Structures are given as structure tokens and as C-alpha cells.
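Since the structure comes first, as C-alpha cells, the remarks are kept for the end.
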Amino acid sequence: MWEILTLIRFVIIQGLGLFIAIIVAGIFLFLVLRKLHSLRDAILLFIIFFGAFLFLYVPQGLPSSIQYPFSLTSFGPADGPVLPLGNVIKFFKEIKNMEHVSDIARDPNDIPPPITRTEPETVKINMEAKEVIADMAPGIVMNYWTFDSKIPGPFLRVRQGDTVELTLKNDASSLHHHSIDLHAVTGPGGGATLTDVAPGESKTMIFKALNPGLYVYHCATPNVPSHITHGMYGLILVEPESGLPLVDKEFYVMQGEFYTSGALGKRGLQIFDGKAMIDSRPQYVVFNGKTKSLIDNIHAEVGDTVRLFVGNGGVNLISSFHVIGEIFDRVYPEGAIGSLPHANVQTTLVPAGGAVITEFALQVPGRFILVDHALARLDRGLWGFLNVSGEDNPEVFRIPEGFSLSRNSGH
């Protein structure tokens with residue numbers, strides 16, 4: 001109930017604020033004119049001045065729908081990132097039917113095992129678009145739009161040459177149409193033209209996985225960036241015919257941006273801010289959909305070789321992915337598989353709507369921090385831990401006697 005009250009307060013302030021300001025300004029103008037002129041002259045002048053104001057301002061200043069901020073012009077190929085009054089009313093009516101997810105973050109261990117078969121086959125995948133309510137941080141509530149009720153969506157794993165039959169269902173509780181565009185698809189819209197589904201509807205597309213690599217998928221229903229920044233993105237791995245080299249641990253990490261009307265840390269239900277998105281001013285930049293999503297769920301041991309599948313949902317920022325205290329032995333830049341990987345990389349770029357594969361062996365124990373090395377984003381929630389257990393290795397890293405590593409140590 002308190003989430004609804006927060007939204008009502010937002011609608012009242014944004015929807016009625018300008019109306020109240022106009023009324024107060026009109027009363028003030030009339031009182032000033034009345035003091036300087038007769039009642040008849042004051043009324044006539046008020047009508048002239050106020051009429052001219054409305055004639056000049058209303059066509060430019062009043063939008064056709066309630067949105068945040070109150071007036072927003074955009075020039076994209078479809079509707080802009082607005083909050084129509086009809087959607088607000090529908091949200092009030094349907095919020096009780098939306099699922100309240102206790103933890104929106106997808107477990108980074110939630111990855112299908114490597115493919116061992118040697119022949120292509122038809123792979124059937126079922127996914128569900130669903131709009132839910134969940135916490136970005138304790139007390140900070142978001143209306144997330146998801147694939148399978150988690151962020152990112154499920155990690156999809158197929159083999160080069162496979163035929164993929166993907167069915168997308170849109171949960172009946174959703175308020176919007178949704179679709180899926182897979183960057184691994186060769187075809188119009190990456191499949192989005194075939195999978196645009198209304199609430200309660202499902203559609204199926206079929207494609208052949210031609211090119212090996214790690215690819216982003218996302219919703220591509222207009223306004224496309226609005227759907228993505230609500231959380232509708234994930235990764236699909238197309239393994240090469242020979243497979244990837246074996247490693248001991250694989251983890252799934254994806255960076256995303258969230259644009260809210262409330263300031264960073266503002267409690268309550270946070271309303272999407274379309275202008276902040278257009279201006280590239282996210283309040284939250286996080287891994288796996290929320291703050292502190294990767295604290296105690298990435299574990300490995302000294303001697304393990306780790307592979308990180310890292311994606312960037314965007315929609316605006318480029319990620320400079322880095323693990324503090326480690327060097328990437330191998331990097332498949334931009335998720336490309338088919339050429340020799342880069343070696344001995346400190347920080348690797350992950351473009352918006354792109355991905356990267358990193359691999360490295362673990363020589364020493366400790367807590368290694370996952371970051372975007374645009375480090376101001378730490379304070380917006382973009383960090384996590386790789387926890388490594390095992391025996392010390394003083395030949396590689398020696399801790400002097402009597403010295404204790406700080407729990408918050410970075411570089």
C-alpha cells in the first residue's frame with residue numbers, strides 16, 4: 001500500500017503542480033491590477049494578459065499526458081519515454097496482481113553446463129516477460145520489467161549450428177507489450193518483429209545459431225531503451241563447434257542502469273525518469289539488477305581457473321570491467337569467439353549492448369572486487385566480490401607479519 005501512496009504523491013505533485021502554479025499566478029496578477037486600476041479595467045487587463053499567457057504557453061508547456069518531467073520532447077522513431085495517465089491508472093488497478101519478488105538479482109552461478117554433444121540439434125527455449133515489484137536496496141522499491149522474474153534474464157547456451165525454437169510468453173499481469181531481440185540472430189529485429197506479445201499472449205520464433213560468441217538479448221518493444229532500463233536484458237552464448245576450453249568455475253554478471261525520479265538513496269517507490277535516461281544520468285548503476293547483488297555468491301578456490309561471462313545492458317554507459325587484484329589471462333573482446341583471445345589484460349571494455357568473456361587462474365586467496373573502473377559508479381552500487389579460499393602463496397603475494405588486510409581495501 002505504501003508504494004501506491006508514493007506513486008499517488010508523485011502524480012499529484014507532477015500532474016497538479018503546474019495547474020496550481022497557474023492559478024496562484026493568475027490570482028496574484030489580478031490583485032496587482034485591481035490595486036492599480038478600477039475593477040472593470042483590472043478584469044479586462046487580466047483577461048488580456050492571462051489569455052495571452054495561455055495562448056503562448058499551453059501548446060508548448062502542457063504535454064498530452066502526465067509524465068516525468070512534466071514536459072518532454074524526443075525525436076526517436078517511436079513513442080518517447082513517457083508515463084501516460086492511462087498507465088498510471090492501470091498501475092493503480094493492477095499493482096495488487098503484480099508479483100513482489102524478494103530478490104530480483106539472478107544468481108551468478110545460474111549457468112547451464114558446457115555443451116558436450118558434437119552435433120547440432122533443435123533447442124527449445126521458453127521465456128516469460130513479467131513486470132514485478134522488488135527492492136533495488138532496502139526500502140528502495142522499483143517496478144522492474146523482467147525475463148523470468150530475475151535480472152538479468154536467463155543465461156541461454158546453445159551450440160553453433162543449432163536451430164533454436166524460442167517461445168516468449170507475456171504474463172497476464174504485465175501492463176505493456178514486450179518482445180525479445182537476440183544479437184545472436186540473423187534476421188529482422190533480431191527476432192523482435194516476431195515476438196511482440198501483449199499481456200497474456202505468447203509467440204514463437206525459430207532461428208539458426210550461425211556465429212559463435214557471447215551476445216546480449218533485450219526487449220525491443222518501443223520505447224526500447226525504457227524497456228531495457230527497467231531490466232529486460234540477458235546473455236546468450238553460442239559455443240563454437242569445438243566448444244570452449246574447460247575451466248573450473250563460470251559466473252554470469254551483467255551491468256545495468258536505472259533512472260529514477262528520486263535522488264540516489266531516496267526511499268519508497270521510485271518512478272522511472274525518462275529525461276534522466278535521455279540525458280544519461282542514471283541514479284543506480286549495478287550488477288545483476290540491484291545493489292549488493294554479488295556479495296557472497298561468487299566463490300572459488302586457489303588453483304581454479306575462472307571464466308566470467310560479463311554483459312552490459314546499457315543503455316548509455318560503456319563499462320570498463322576490472323577485477324581489483326587480478327589480471328585477465330585471456331579476454332575474448334566484445335564476446336568474439338573465433339580468433340585468438342587477448343592476453344594479460346588489466347581492464348576490458350564492455351560496450352552498451354555488448355559482452356565480454358574473461359578467464360584467469362587464481363594464485364592467491366582473498367576477496368577480489370568486481371568493478372567498472374569508472375570508479376565513481378561504486379557509489380551508485382556497481383561493485384561485487386569474488387571470494388577465493390585456499391592456502392597463501394607467498395611467492396606470488398606476501399603479507400608482512402603483523403599486517404592485516406582491510407576489509408575495504410581496493411587498489
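Going by the C-alpha cells order, chains are called A, B, ..., each with residues numbered from 1, while ligands are numbered from 1 in the order shown.
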
Task: Residue list (strand (DSSP E), DSSP) for segment 169-389 of chain A, as JSON, numbers by chain - done: {"A": [169, 170, 181, 182, 202, 203, 204, 205, 206, 207, 208, 213, 214, 215, 216, 217, 218, 233, 234, 235, 236, 237, 238, 239, 249, 250, 251, 252, 253, 254, 255, 256, 257, 258, 268, 269, 270, 284, 285, 286, 287, 299, 300, 301, 305, 306, 307, 308, 309, 310, 311, 312, 319, 320, 321, 322, 323, 324, 328, 329, 330, 331, 332, 342, 343, 344, 345, 347, 348, 349, 350, 354, 355, 356, 357, 358, 359, 360, 361, 366, 367, 368, 369, 370, 371, 372, 383, 384, 385, 386, 387, 388, 389]}

- [ ] Skip Ile47 of chain A itself and residues of its chain fewer than 5 positions away, then list as a PyMOL selection string all residues within 10 Å of it, counting only C-alpha atoms.
- [x] chain A and resi 26+30+41-42+52-53

Task: Contacts of Ser179 of chain A within 9 Å, only C-alpha atoms, excl. fewer than 4 positions in-chain, as a list of chain:residue names - done: A:Ala129, A:Leu168, A:Lys169, A:Asn170, A:Gly191, A:Ala192, A:Thr193, A:Leu194, A:Thr195, A:Asp196, A:Val197, A:His218, A:Cys219, A:Ala220, A:Thr221

Open item on the list: Excluding segment 248-250 of chain A and its own-chain neighbours fewer than 3 positions away, which residues fall within 12 Å of it when counting only C-alpha atoms? Please give them as a PyMOL selection string.
Closed with: chain A and resi 107-114+155+244-245+253+298-310+357-362+386+388

TODO: Write out as a VMD selection string all residues of segment 94-243 of chain A that backbone DSSP assigns to helix (DSSP H, G or I).
DONE: chain A and resid 94 to 97 188 to 195 224 to 229

- [ ] Excluding Arg281 of chain A and any residue of its chain fewer than 6 positions from it, enumerate the residues within 9 Å of it, using only C-alpha atoms, and give them as a ChimeraX atom specification.
- [x] /A:259,275,316

Any chance you could export the current selection's C-alpha atoms as a PDB file, in the first residue's frame?
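Result written to part.pdb:
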ATOM      1  CA  TYR A 259      16.842   6.004 -13.949  1.00  0.00           C
ATOM      2  CA  LYS A 275      14.587  12.695 -19.169  1.00  0.00           C
ATOM      3  CA  ASN A 316      24.041   4.586 -22.254  1.00  0.00           C
TER       4      ASN A 316
END
